[in-house]
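Q: Here you go, one structure.
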2 protein chains.
Amino acid sequence: MITRLQIRKPDDMHVHLREGDMMREVVPHTAGVFGRALVMPNLKNAVIHGTSAARYRDEILRACSELRLPFDPLMTVKLTAQTTTDVIKGAYSCGVAAVKLYPEGVTTNSTGGIRDPDQINPDVFRAMAHNGMVLCVHAEEPGLFSLDRESGYLRHVEKIATAHPNLRIVIEHITSRDGVEFVHRAGPNVAATITVHHLLITLDDVIGDKLNPHNFCKPIAKREADRAALVTAALSGNPKFFLGTDSAPHAQDTKECASGCAGCFTAPAAIELLTEIFDAHGALPGLESFTSIFGAQFYGLGLNMGTITIVKEPWEIPATCGAVVPFMAGKRIGWRVAK
Amino acid sequence: MITRLQIRKPDDMHVHLREGDMMREVVPHTAGVFGRALVMPNLKNAVIHGTSAARYRDEILRACSELRLPFDPLMTVKLTAQTTTDVIKGAYSCGVAAVKLYPEGVTTNSTGGIRDPDQINPDVFRAMAHNGMVLCVHAEEPGLFSLDRESGYLRHVEKIATAHPNLRIVIEHITSRDGVEFVHRAGPNVAATITVHHLLITLDDVIGDKLNPHNFCKPIAKREADRAALVTAALSGNPKFFLGTDSAPHAQDTKECASGCAGCFTAPAAIELLTEIFDAHGALPGLESFTSIFGAQFYGLGLNMGTITIVKEPWEIPATCGAVVPFMAGKRIGWRVAK
């Protein structure tokens with residue numbers, strides 16, 4: 001029986017760190033465990049230029065430095081109707097790793113997103129491919145029934161991926177069997193991140209019993225067959241699937257209210273919950289690839305130096321982390337990252 | 001253009017009035033408009049005997065009498081594994097109109113419900129049929145995916161309805177196209193109530209944008225095709241479909257929390273919202289049948305005396321009614337019941 005596991009420092013290829021006090025509150029949960037994380041640009045004032053991405057990176061690094069946490073935030077900018085090839089080149093020269101496509105209005109701070117992906121200037125995609133930048137897609141078709149939005153957006157991804165075979169595309173936080181099958185079928189330029197919470201919950205964990213706002217996220221968790229397809233993909237050892245937690249902190253009073261925000265704050269126990277899942281399937285030897293290798297490889301990054309140690313030691317996910325209720329707060333779990 | 005409409009006093013064939021302070025808070029919203037209402041038995045201590053139903057009825061009547069509201073509560077008892085033919089006879093002699101079947105654990109205070117409907121003593125159904133009592137069914141199969149629970153329970157209803165053709169059965173608060181089609185297909189002993197909220201919302205209104213706990217109910221609202229089927233059924237003039245609001249008050253802090261209660265408090269604007277729906281479909285002449293005739297006929301009751309007048313007059317659903325946030329709080333609507 002494995003009771004102690006050493007893996008290469010993981011990468012979180014999709015995280016929301018916010019700004020200011022909230023950022024300082026949540027960043028240790030990510031920076032204390034992950035070597036790098038791809039930081040989403042959907043701040044209240046969205047990050048759309050390289051210069052603001054660089055400023056945001058500095059803010060994150062200052063917070064980590066005060067905490068003496070070594071951490072390498074990988075930055076993103078948000079694609080808008082105003083994004084030009086010059087914006088892309090500028091972002092590249094500021095060190096931005098990826099460009100995030102949000103369809104208009106599908107999630108937190110996604111206003112000002114893309115209404116019609118067919119209208120995006122192909123030169124923008126060419127400039128990204130030319131500079132080795134990755135396109136990250138929140139794949140949900142606005143206007144469709146919530147459970148059909150991801151499936152309904154795949155045709156847009158297919159079009160872009162086919163027209164730009166040299167552009168690497170990540171479908172973020174896939175939630176459906178259709179999404180998994182699409183990634184398998186698509187060319188080598190298409191991969192997907194999988195969150196921890198979508199491996200664990202279905203829609204029933206949001207609305208099936210009492211209403212649970214802390215399991216409410218976008219895209220919404222779907223049926224058991226979808227969850228099972230995600231688990232299979234995560235465990236498969238197929239390098240097209242890697243970890244992106246989409247950890248998204250919202251203050252408790254913005255979740256437990258009449259108009260609750262979407263997002264699960266998984267960072268405080270992401271690796272631990274994931275270890276439980278891999279352990280439950282007798283797949284612990286595959287954990288490191290999913291958390292620490294496949295993402296880096298797809299992004300063309302070197303692997304992280306250093307390791308983390310995960311030990312079989314029961315603990316309880318705290319009820320709150322500052323103003324935020326973490327995902328599965330209060331749950332007792334069997335694995336813990338050694339500090 | 002119709003701007004004033006007089007209809008026979010309506011019946012709400014499914015309502016939750018609670019007890020004590022909450023009952024006194026909410027009962028005027030029902031008793032001020034409806035002549036009668038079928039009062040559900042799922043109190044904290046469930047109403048399972050005629051004597052407690054009679055006591056509960058007295059409590060409601062006392063509150064209405066203090067408010068000088070004429071009102072005739074129709075009472076129900078909850079079916080349990082301990083319900084005998086004697087319990088049914090006793091309930092009948094106390095004036096109980098209907099018996100409610102809750103599958104174990106599917107909704108508010110439904111513990112102690114029926115685990116396996118095949119295990120119900122057929123003599124209990126025979127006693128109900130013999131005494132002209134109606135079987136009201138919360139038709140959801142526990143354990144299934146939330147959106148499939150209603151469809152999955154219809155086979156149980158079919159079995160009971162076929163075995164007991166003289167037993168009148170109401171499928172409560174139907175939410176699915178499958179449910180509508182089943183009622184059409186079933187014998188004349190099967191009818192269904194339709195709520196106001198299921199005519200107005202889909203799952204997207206709960207989880208499609210921000211999370212809306214005040215649209216969260218059991219059975220959960222489903223797809224647009226399901227909503228459309230319900231609207232068609234309500235407007236159809238088919239006497240198998242009639243109003244049962246399932247108005248279910250929960251204090252605001254038990255909805256806007258980490259573990260939210262299921263239920264929409266529609267009573268403060270039920271008839272008004274319904275009038276809007278019928279008006280939008282040019283079907284105002286059919287409103288009275290749905291609200292005031294078909295239910296009474298199915299239950300074998302005389303029609304209500306008296307009328308209510310609904311006038312075209314804009315108003316706003318209040319933000320709160322005591323401790324409860326009503327369904328569609330703050331919404332401006334065009335019709336109002338004249339006081």
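Letters A, B, ... go to the chains of the structure tokens in the order shown; residues in each chain start at 1; ligands are counted from 1 in the same order.
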Which neighbours of Asp205 of chain B fall inside 12 Å, counting only C-alpha atoms, when residues of the same chain fewer than 6 positions from it are skipped, and could you give them as a list of chain:residue names?
A: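 So, after excluding close chain neighbours, the residues are A:Phe145, A:Ser146, A:Ser259, B:His197, B:His198, B:Leu211, B:Asn212, B:Pro213, B:His214, B:Asn215, B:Phe216, B:Cys217, B:Ile220, B:Ala221, B:Lys222, B:Arg223, B:Glu224, B:Arg227, B:Phe327, B:Met328.
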Q: Name all residues at most 7 Å from segment 169-176 of chain B (count only C-alpha atoms; drop same-chain ones fewer than 2 positions away) and give them as a PDB file with N, CA, C and O atoms, in the first residue's frame.
A:
ATOM      1  N   VAL B 134     -58.490  10.911  -2.696  1.00  0.00           N
ATOM      2  CA  VAL B 134     -57.577  11.021  -3.834  1.00  0.00           C
ATOM      3  C   VAL B 134     -56.160  10.680  -3.374  1.00  0.00           C
ATOM      4  O   VAL B 134     -55.765  11.026  -2.256  1.00  0.00           O
ATOM      5  N   LEU B 135     -55.411  10.020  -4.253  1.00  0.00           N
ATOM      6  CA  LEU B 135     -53.988   9.777  -3.982  1.00  0.00           C
ATOM      7  C   LEU B 135     -53.162  10.844  -4.705  1.00  0.00           C
ATOM      8  O   LEU B 135     -53.229  10.964  -5.940  1.00  0.00           O
ATOM      9  N   CYS B 136     -52.414  11.614  -3.939  1.00  0.00           N
ATOM     10  CA  CYS B 136     -51.539  12.637  -4.512  1.00  0.00           C
ATOM     11  C   CYS B 136     -50.109  12.101  -4.482  1.00  0.00           C
ATOM     12  O   CYS B 136     -49.633  11.693  -3.427  1.00  0.00           O
ATOM     13  N   VAL B 137     -49.449  12.142  -5.613  1.00  0.00           N
ATOM     14  CA  VAL B 137     -48.129  11.527  -5.701  1.00  0.00           C
ATOM     15  C   VAL B 137     -47.049  12.564  -6.015  1.00  0.00           C
ATOM     16  O   VAL B 137     -47.150  13.299  -7.005  1.00  0.00           O
ATOM     17  N   HIS B 138     -46.048  12.612  -5.155  1.00  0.00           N
ATOM     18  CA  HIS B 138     -44.818  13.323  -5.504  1.00  0.00           C
ATOM     19  C   HIS B 138     -44.010  12.331  -6.329  1.00  0.00           C
ATOM     20  O   HIS B 138     -43.355  11.444  -5.786  1.00  0.00           O
ATOM     21  N   ALA B 139     -44.062  12.481  -7.643  1.00  0.00           N
ATOM     22  CA  ALA B 139     -43.540  11.446  -8.535  1.00  0.00           C
ATOM     23  C   ALA B 139     -42.072  11.701  -8.875  1.00  0.00           C
ATOM     24  O   ALA B 139     -41.748  12.279  -9.907  1.00  0.00           O
ATOM     25  N   LEU B 167     -59.424   4.440  -8.189  1.00  0.00           N
ATOM     26  CA  LEU B 167     -58.683   5.363  -7.318  1.00  0.00           C
ATOM     27  C   LEU B 167     -58.249   6.560  -8.149  1.00  0.00           C
ATOM     28  O   LEU B 167     -57.548   6.402  -9.157  1.00  0.00           O
ATOM     29  N   ASP B 178     -42.418  14.155 -20.428  1.00  0.00           N
ATOM     30  CA  ASP B 178     -42.788  12.761 -20.147  1.00  0.00           C
ATOM     31  C   ASP B 178     -44.002  12.695 -19.220  1.00  0.00           C
ATOM     32  O   ASP B 178     -44.905  11.883 -19.423  1.00  0.00           O
ATOM     33  N   GLY B 179     -44.003  13.542 -18.202  1.00  0.00           N
ATOM     34  CA  GLY B 179     -45.114  13.559 -17.260  1.00  0.00           C
ATOM     35  C   GLY B 179     -46.414  13.957 -17.937  1.00  0.00           C
ATOM     36  O   GLY B 179     -47.460  13.327 -17.738  1.00  0.00           O
ATOM     37  N   VAL B 180     -46.349  15.002 -18.757  1.00  0.00           N
ATOM     38  CA  VAL B 180     -47.540  15.470 -19.475  1.00  0.00           C
ATOM     39  C   VAL B 180     -48.071  14.356 -20.373  1.00  0.00           C
ATOM     40  O   VAL B 180     -49.280  14.061 -20.386  1.00  0.00           O
ATOM     41  N   ASN B 189     -58.695   8.143 -14.412  1.00  0.00           N
ATOM     42  CA  ASN B 189     -58.446   8.299 -12.968  1.00  0.00           C
ATOM     43  C   ASN B 189     -57.131   9.016 -12.660  1.00  0.00           C
ATOM     44  O   ASN B 189     -56.782   9.191 -11.505  1.00  0.00           O
ATOM     45  N   VAL B 190     -56.408   9.437 -13.696  1.00  0.00           N
ATOM     46  CA  VAL B 190     -55.129  10.115 -13.471  1.00  0.00           C
ATOM     47  C   VAL B 190     -55.181  11.553 -13.972  1.00  0.00           C
ATOM     48  O   VAL B 190     -55.549  11.811 -15.132  1.00  0.00           O
ATOM     49  N   ALA B 191     -54.818  12.480 -13.111  1.00  0.00           N
ATOM     50  CA  ALA B 191     -54.727  13.893 -13.469  1.00  0.00           C
ATOM     51  C   ALA B 191     -53.400  14.432 -12.944  1.00  0.00           C
ATOM     52  O   ALA B 191     -52.591  13.681 -12.381  1.00  0.00           O
ATOM     53  N   ALA B 192     -53.162  15.720 -13.142  1.00  0.00           N
ATOM     54  CA  ALA B 192     -51.908  16.320 -12.655  1.00  0.00           C
ATOM     55  C   ALA B 192     -52.142  17.764 -12.271  1.00  0.00           C
ATOM     56  O   ALA B 192     -52.938  18.472 -12.898  1.00  0.00           O
ATOM     57  N   THR B 193     -51.434  18.184 -11.233  1.00  0.00           N
ATOM     58  CA  THR B 193     -51.374  19.618 -10.955  1.00  0.00           C
ATOM     59  C   THR B 193     -50.156  20.205 -11.654  1.00  0.00           C
ATOM     60  O   THR B 193     -49.154  19.525 -11.896  1.00  0.00           O
ATOM     61  N   ILE B 194     -50.283  21.477 -11.987  1.00  0.00           N
ATOM     62  CA  ILE B 194     -49.176  22.223 -12.591  1.00  0.00           C
ATOM     63  C   ILE B 194     -48.981  23.472 -11.742  1.00  0.00           C
ATOM     64  O   ILE B 194     -49.954  24.144 -11.377  1.00  0.00           O
ATOM     65  N   THR B 195     -47.736  23.775 -11.421  1.00  0.00           N
ATOM     66  CA  THR B 195     -47.451  24.971 -10.624  1.00  0.00           C
ATOM     67  C   THR B 195     -47.294  26.179 -11.542  1.00  0.00           C
ATOM     68  O   THR B 195     -47.136  26.043 -12.756  1.00  0.00           O
ATOM     69  N   HIS B 198     -43.330  26.323 -12.584  1.00  0.00           N
ATOM     70  CA  HIS B 198     -42.872  25.432 -13.657  1.00  0.00           C
ATOM     71  C   HIS B 198     -43.382  25.866 -15.035  1.00  0.00           C
ATOM     72  O   HIS B 198     -42.877  25.385 -16.052  1.00  0.00           O
ATOM     73  N   PRO B 219     -40.049  18.991  -7.810  1.00  0.00           N
ATOM     74  CA  PRO B 219     -38.993  18.592  -8.732  1.00  0.00           C
ATOM     75  C   PRO B 219     -38.361  19.832  -9.381  1.00  0.00           C
ATOM     76  O   PRO B 219     -39.049  20.839  -9.572  1.00  0.00           O
ATOM     77  N   ALA B 221     -36.986  22.461 -12.000  1.00  0.00           N
ATOM     78  CA  ALA B 221     -37.428  22.864 -13.336  1.00  0.00           C
ATOM     79  C   ALA B 221     -36.475  22.283 -14.374  1.00  0.00           C
ATOM     80  O   ALA B 221     -35.279  22.182 -14.125  1.00  0.00           O
ATOM     81  N   LYS B 222     -37.006  21.918 -15.517  1.00  0.00           N
ATOM     82  CA  LYS B 222     -36.209  21.157 -16.487  1.00  0.00           C
ATOM     83  C   LYS B 222     -35.935  21.971 -17.754  1.00  0.00           C
ATOM     84  O   LYS B 222     -35.648  23.157 -17.678  1.00  0.00           O
ATOM     85  N   ASP B 226     -39.698  20.880 -21.862  1.00  0.00           N
ATOM     86  CA  ASP B 226     -40.570  20.453 -20.767  1.00  0.00           C
ATOM     87  C   ASP B 226     -41.501  21.586 -20.345  1.00  0.00           C
ATOM     88  O   ASP B 226     -42.703  21.394 -20.189  1.00  0.00           O
ATOM     89  N   LEU B 230     -45.675  21.844 -20.495  1.00  0.00           N
ATOM     90  CA  LEU B 230     -46.525  22.202 -19.361  1.00  0.00           C
ATOM     91  C   LEU B 230     -47.452  23.354 -19.716  1.00  0.00           C
ATOM     92  O   LEU B 230     -48.640  23.347 -19.368  1.00  0.00           O
ATOM     93  N   GLY B 244     -52.122  23.647  -9.097  1.00  0.00           N
ATOM     94  CA  GLY B 244     -51.679  23.366  -7.731  1.00  0.00           C
ATOM     95  C   GLY B 244     -50.355  24.088  -7.607  1.00  0.00           C
ATOM     96  O   GLY B 244     -49.385  23.722  -8.256  1.00  0.00           O
ATOM     97  N   ASP B 246     -48.062  24.536  -5.339  1.00  0.00           N
ATOM     98  CA  ASP B 246     -46.910  24.059  -4.556  1.00  0.00           C
ATOM     99  C   ASP B 246     -46.185  25.235  -3.913  1.00  0.00           C
ATOM    100  O   ASP B 246     -44.977  25.176  -3.667  1.00  0.00           O
TER     101      ASP B 246
END
Q: What residues in segment 75-308 of chain A get the DSSP label alpha helix (DSSP H)? Please answer as number ranges by chain.
A: A: 85-93, 122-130, 149-163, 177-185, 197-200, 224-235, 252-255, 270-280, 287-288, 294-299
Q: Could you pull the residues within 10 Å of segment 42-45 of chain B, counting only C-alpha atoms, minus those fewer than 2 positions along the same chain, as a PyMOL selection string?
A: chain B and resi 16-19+39-40+47-48+52+56+76-78+100+102+107-111
Q: Could you turn the residues from that selection into a file that holds N, CA, C and O atoms, as a PDB file, in the first residue's frame?
A:
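And here's result.pdb as it stands now:
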ATOM      1  N   HIS B  16     -48.343  24.567   0.556  1.00  0.00           N
ATOM      2  CA  HIS B  16     -47.694  24.338   1.852  1.00  0.00           C
ATOM      3  C   HIS B  16     -47.956  25.555   2.719  1.00  0.00           C
ATOM      4  O   HIS B  16     -47.538  26.659   2.386  1.00  0.00           O
ATOM      5  N   LEU B  17     -48.658  25.340   3.819  1.00  0.00           N
ATOM      6  CA  LEU B  17     -48.995  26.479   4.689  1.00  0.00           C
ATOM      7  C   LEU B  17     -48.162  26.509   5.964  1.00  0.00           C
ATOM      8  O   LEU B  17     -48.202  27.503   6.687  1.00  0.00           O
ATOM      9  N   ARG B  18     -47.400  25.428   6.233  1.00  0.00           N
ATOM     10  CA  ARG B  18     -46.574  25.370   7.457  1.00  0.00           C
ATOM     11  C   ARG B  18     -47.440  25.519   8.709  1.00  0.00           C
ATOM     12  O   ARG B  18     -48.661  25.398   8.643  1.00  0.00           O
ATOM     13  N   GLU B  19     -46.776  25.862   9.824  1.00  0.00           N
ATOM     14  CA  GLU B  19     -47.465  25.962  11.120  1.00  0.00           C
ATOM     15  C   GLU B  19     -47.087  27.269  11.804  1.00  0.00           C
ATOM     16  O   GLU B  19     -46.167  27.952  11.379  1.00  0.00           O
ATOM     17  N   VAL B  39     -54.009  21.286   1.421  1.00  0.00           N
ATOM     18  CA  VAL B  39     -52.872  21.625   2.288  1.00  0.00           C
ATOM     19  C   VAL B  39     -52.001  20.386   2.511  1.00  0.00           C
ATOM     20  O   VAL B  39     -52.467  19.370   3.023  1.00  0.00           O
ATOM     21  N   MET B  40     -50.759  20.511   2.127  1.00  0.00           N
ATOM     22  CA  MET B  40     -49.845  19.366   2.197  1.00  0.00           C
ATOM     23  C   MET B  40     -49.494  19.026   3.645  1.00  0.00           C
ATOM     24  O   MET B  40     -49.451  19.902   4.510  1.00  0.00           O
ATOM     25  N   VAL B  47     -48.256  15.073   9.148  1.00  0.00           N
ATOM     26  CA  VAL B  47     -49.659  14.766   9.420  1.00  0.00           C
ATOM     27  C   VAL B  47     -49.943  13.391   8.817  1.00  0.00           C
ATOM     28  O   VAL B  47     -49.953  13.244   7.590  1.00  0.00           O
ATOM     29  N   ILE B  48     -50.127  12.397   9.690  1.00  0.00           N
ATOM     30  CA  ILE B  48     -50.363  11.051   9.154  1.00  0.00           C
ATOM     31  C   ILE B  48     -51.696  10.457   9.602  1.00  0.00           C
ATOM     32  O   ILE B  48     -52.076   9.395   9.133  1.00  0.00           O
ATOM     33  N   SER B  52     -54.874  14.484  13.545  1.00  0.00           N
ATOM     34  CA  SER B  52     -53.914  15.597  13.471  1.00  0.00           C
ATOM     35  C   SER B  52     -54.219  16.500  12.279  1.00  0.00           C
ATOM     36  O   SER B  52     -54.000  17.716  12.333  1.00  0.00           O
ATOM     37  N   TYR B  56     -54.812  20.415  12.634  1.00  0.00           N
ATOM     38  CA  TYR B  56     -54.085  21.344  11.759  1.00  0.00           C
ATOM     39  C   TYR B  56     -55.080  22.252  11.024  1.00  0.00           C
ATOM     40  O   TYR B  56     -54.898  23.467  10.935  1.00  0.00           O
ATOM     41  N   THR B  76     -54.895  16.809   3.891  1.00  0.00           N
ATOM     42  CA  THR B  76     -54.230  15.597   3.414  1.00  0.00           C
ATOM     43  C   THR B  76     -53.545  14.909   4.593  1.00  0.00           C
ATOM     44  O   THR B  76     -53.219  15.538   5.594  1.00  0.00           O
ATOM     45  N   VAL B  77     -53.328  13.625   4.440  1.00  0.00           N
ATOM     46  CA  VAL B  77     -52.424  12.915   5.358  1.00  0.00           C
ATOM     47  C   VAL B  77     -51.340  12.265   4.515  1.00  0.00           C
ATOM     48  O   VAL B  77     -51.530  12.000   3.320  1.00  0.00           O
ATOM     49  N   LYS B  78     -50.224  12.035   5.172  1.00  0.00           N
ATOM     50  CA  LYS B  78     -49.079  11.453   4.470  1.00  0.00           C
ATOM     51  C   LYS B  78     -49.125   9.936   4.564  1.00  0.00           C
ATOM     52  O   LYS B  78     -49.347   9.380   5.643  1.00  0.00           O
ATOM     53  N   LYS B 100     -51.154  11.706   0.628  1.00  0.00           N
ATOM     54  CA  LYS B 100     -49.986  12.102  -0.156  1.00  0.00           C
ATOM     55  C   LYS B 100     -48.905  11.044  -0.075  1.00  0.00           C
ATOM     56  O   LYS B 100     -48.463  10.680   1.017  1.00  0.00           O
ATOM     57  N   TYR B 102     -45.155  10.404  -0.669  1.00  0.00           N
ATOM     58  CA  TYR B 102     -43.799  10.925  -0.899  1.00  0.00           C
ATOM     59  C   TYR B 102     -42.836   9.757  -0.979  1.00  0.00           C
ATOM     60  O   TYR B 102     -42.751   8.982  -0.013  1.00  0.00           O
ATOM     61  N   THR B 107     -37.857  15.328  -0.957  1.00  0.00           N
ATOM     62  CA  THR B 107     -38.086  16.772  -0.826  1.00  0.00           C
ATOM     63  C   THR B 107     -38.185  17.168   0.643  1.00  0.00           C
ATOM     64  O   THR B 107     -37.904  16.354   1.530  1.00  0.00           O
ATOM     65  N   THR B 108     -38.565  18.402   0.909  1.00  0.00           N
ATOM     66  CA  THR B 108     -38.657  18.929   2.267  1.00  0.00           C
ATOM     67  C   THR B 108     -39.489  18.018   3.172  1.00  0.00           C
ATOM     68  O   THR B 108     -40.631  17.702   2.839  1.00  0.00           O
ATOM     69  N   ASN B 109     -38.912  17.629   4.291  1.00  0.00           N
ATOM     70  CA  ASN B 109     -39.607  16.786   5.274  1.00  0.00           C
ATOM     71  C   ASN B 109     -40.237  15.540   4.650  1.00  0.00           C
ATOM     72  O   ASN B 109     -41.360  15.171   4.976  1.00  0.00           O
ATOM     73  N   SER B 110     -39.511  14.895   3.746  1.00  0.00           N
ATOM     74  CA  SER B 110     -40.068  13.682   3.145  1.00  0.00           C
ATOM     75  C   SER B 110     -39.402  12.420   3.698  1.00  0.00           C
ATOM     76  O   SER B 110     -39.612  11.333   3.181  1.00  0.00           O
ATOM     77  N   THR B 111     -38.598  12.549   4.747  1.00  0.00           N
ATOM     78  CA  THR B 111     -38.109  11.322   5.384  1.00  0.00           C
ATOM     79  C   THR B 111     -39.307  10.612   5.994  1.00  0.00           C
ATOM     80  O   THR B 111     -40.298  11.234   6.370  1.00  0.00           O
TER      81      THR B 111
END
Q: Write out as a ChimeraX atom specification all residues of segment 140-241 of chain A that backbone DSSP assigns to strand (DSSP E).
A: /A:169-171,190-194,241
Q: Restrict the selected residues to all heavy atoms and save them as a JSON list (two decimals), in the first residue's frame.
A:
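Below is the file that was written, result-v6.json:
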[["chain", "number", "residue", "atom", "x", "y", "z"],
["A", 169, "ILE", "N", -4.38, 24.72, -28.74],
["A", 169, "ILE", "CA", -5.65, 25.14, -28.13],
["A", 169, "ILE", "C", -5.95, 24.25, -26.93],
["A", 169, "ILE", "O", -5.86, 23.03, -27.02],
["A", 169, "ILE", "CB", -6.81, 25.00, -29.16],
["A", 169, "ILE", "CG1", -6.52, 25.85, -30.41],
["A", 169, "ILE", "CG2", -8.15, 25.37, -28.52],
["A", 169, "ILE", "CD1", -7.54, 25.67, -31.52],
["A", 170, "VAL", "N", -6.30, 24.89, -25.83],
["A", 170, "VAL", "CA", -6.74, 24.13, -24.66],
["A", 170, "VAL", "C", -8.22, 24.42, -24.41],
["A", 170, "VAL", "O", -8.59, 25.59, -24.24],
["A", 170, "VAL", "CB", -5.93, 24.48, -23.39],
["A", 170, "VAL", "CG1", -6.45, 23.69, -22.19],
["A", 170, "VAL", "CG2", -4.45, 24.21, -23.61],
["A", 171, "ILE", "N", -9.03, 23.39, -24.45],
["A", 171, "ILE", "CA", -10.41, 23.56, -24.00],
["A", 171, "ILE", "C", -10.36, 23.51, -22.48],
["A", 171, "ILE", "O", -9.93, 22.52, -21.89],
["A", 171, "ILE", "CB", -11.33, 22.46, -24.55],
["A", 171, "ILE", "CG1", -11.19, 22.39, -26.08],
["A", 171, "ILE", "CG2", -12.77, 22.72, -24.14],
["A", 171, "ILE", "CD1", -12.11, 21.37, -26.71],
["A", 190, "VAL", "N", -4.89, 20.15, -30.04],
["A", 190, "VAL", "CA", -6.00, 20.38, -29.10],
["A", 190, "VAL", "C", -5.82, 19.52, -27.84],
["A", 190, "VAL", "O", -5.65, 18.30, -27.93],
["A", 190, "VAL", "CB", -7.37, 20.08, -29.75],
["A", 190, "VAL", "CG1", -8.49, 20.21, -28.72],
["A", 190, "VAL", "CG2", -7.61, 21.01, -30.94],
["A", 191, "ALA", "N", -5.87, 20.18, -26.68],
["A", 191, "ALA", "CA", -5.82, 19.48, -25.40],
["A", 191, "ALA", "C", -6.93, 20.04, -24.51],
["A", 191, "ALA", "O", -7.72, 20.89, -24.96],
["A", 191, "ALA", "CB", -4.46, 19.67, -24.74],
["A", 192, "ALA", "N", -7.00, 19.55, -23.29],
["A", 192, "ALA", "CA", -8.03, 20.04, -22.37],
["A", 192, "ALA", "C", -7.53, 20.01, -20.94],
["A", 192, "ALA", "O", -6.77, 19.12, -20.57],
["A", 192, "ALA", "CB", -9.29, 19.18, -22.47],
["A", 193, "THR", "N", -7.96, 21.00, -20.15],
["A", 193, "THR", "CA", -7.76, 20.91, -18.72],
["A", 193, "THR", "C", -8.98, 20.26, -18.09],
["A", 193, "THR", "O", -10.10, 20.36, -18.61],
["A", 193, "THR", "CB", -7.53, 22.28, -18.07],
["A", 193, "THR", "OG1", -8.57, 23.17, -18.46],
["A", 193, "THR", "CG2", -6.19, 22.86, -18.48],
["A", 194, "ILE", "N", -8.74, 19.60, -16.97],
["A", 194, "ILE", "CA", -9.82, 19.00, -16.17],
["A", 194, "ILE", "C", -9.66, 19.51, -14.75],
["A", 194, "ILE", "O", -8.55, 19.55, -14.21],
["A", 194, "ILE", "CB", -9.73, 17.46, -16.22],
["A", 194, "ILE", "CG1", -9.90, 16.95, -17.67],
["A", 194, "ILE", "CG2", -10.80, 16.84, -15.31],
["A", 194, "ILE", "CD1", -9.81, 15.44, -17.82],
["A", 241, "PHE", "N", -4.82, 15.47, -21.75],
["A", 241, "PHE", "CA", -5.64, 15.85, -20.59],
["A", 241, "PHE", "C", -4.73, 16.13, -19.41],
["A", 241, "PHE", "O", -3.93, 15.28, -19.03],
["A", 241, "PHE", "CB", -6.62, 14.72, -20.23],
["A", 241, "PHE", "CG", -7.57, 14.38, -21.35],
["A", 241, "PHE", "CD1", -7.32, 13.30, -22.20],
["A", 241, "PHE", "CD2", -8.70, 15.17, -21.58],
["A", 241, "PHE", "CE1", -8.20, 13.01, -23.24],
["A", 241, "PHE", "CE2", -9.57, 14.87, -22.61],
["A", 241, "PHE", "CZ", -9.33, 13.80, -23.46]]
Q: Measuring between only C-alpha atoms, which one of A:Lys89, A:Arg36, A:Lys218, A:His29 shows the shortest distance to Leu147 of chain A?
A: A:Lys218
Q: Contacts of segment 304-315 of chain A at 12 Å or less, counting only C-alpha atoms, minus same-chain residues fewer than 2 places along, as JSON, numbers by chain?
A: {"A": [1, 2, 3, 4, 5, 6, 7, 8, 9, 10, 11, 12, 32, 33, 34, 35, 36, 37, 70, 71, 72, 268, 269, 270, 271, 272, 273, 274, 275, 276, 279, 284, 287, 288, 291, 292, 293, 294, 295, 296, 297, 301, 302, 317, 318, 329, 330, 331, 332, 333, 334, 335, 336, 337, 338, 339]}
Q: From the set A:Cys261, A:Ala186, A:Met128, A:Leu144, which residue has the shortest atom-to-atom contact distance to chain B, counting only C-alpha atoms?
A: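 Once distances to chain B are computed over only C-alpha atoms, the minimum belongs to A:Cys261.
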Q: Could you give me, as a list in words, the residues within 8 Å of Ala54 of chain B, counting only C-alpha atoms and dropping anything in the same chain fewer than 6 positions from it?
A: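 Final neighbour list, sorted by chain and number: Met75, Cys94, Gly95 and Val96 of chain B.
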Q: Write the residues you've just listed into a file as an mmCIF file, in the first residue's frame, and include N, CA and C atoms for each of them.
A:
data_model
loop_
_atom_site.group_PDB
_atom_site.id
_atom_site.type_symbol
_atom_site.label_atom_id
_atom_site.label_comp_id
_atom_site.auth_asym_id
_atom_site.auth_seq_id
_atom_site.Cartn_x
_atom_site.Cartn_y
_atom_site.Cartn_z
ATOM 1 N N MET B 75 -57.801 18.932 3.502
ATOM 2 C CA MET B 75 -56.664 18.363 4.233
ATOM 3 C C MET B 75 -56.161 17.062 3.612
ATOM 4 N N CYS B 94 -62.529 12.068 9.459
ATOM 5 C CA CYS B 94 -62.135 13.410 9.914
ATOM 6 C C CYS B 94 -62.213 14.430 8.788
ATOM 7 N N GLY B 95 -62.665 14.012 7.621
ATOM 8 C CA GLY B 95 -62.840 14.966 6.527
ATOM 9 C C GLY B 95 -61.622 15.133 5.627
ATOM 10 N N VAL B 96 -60.640 14.266 5.772
ATOM 11 C CA VAL B 96 -59.435 14.368 4.936
ATOM 12 C C VAL B 96 -59.777 14.037 3.475
#
Q: Near Ser247 of chain B, within 8 Å and counting only C-alpha atoms, which residues show up once chain neighbours fewer than 5 positions away are dropped, as a list in words?
A: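 Listed by chain and then number, they are His14, Val15, His16, Gly263, Cys264, Phe265, Thr266 and Ala267 of chain B.
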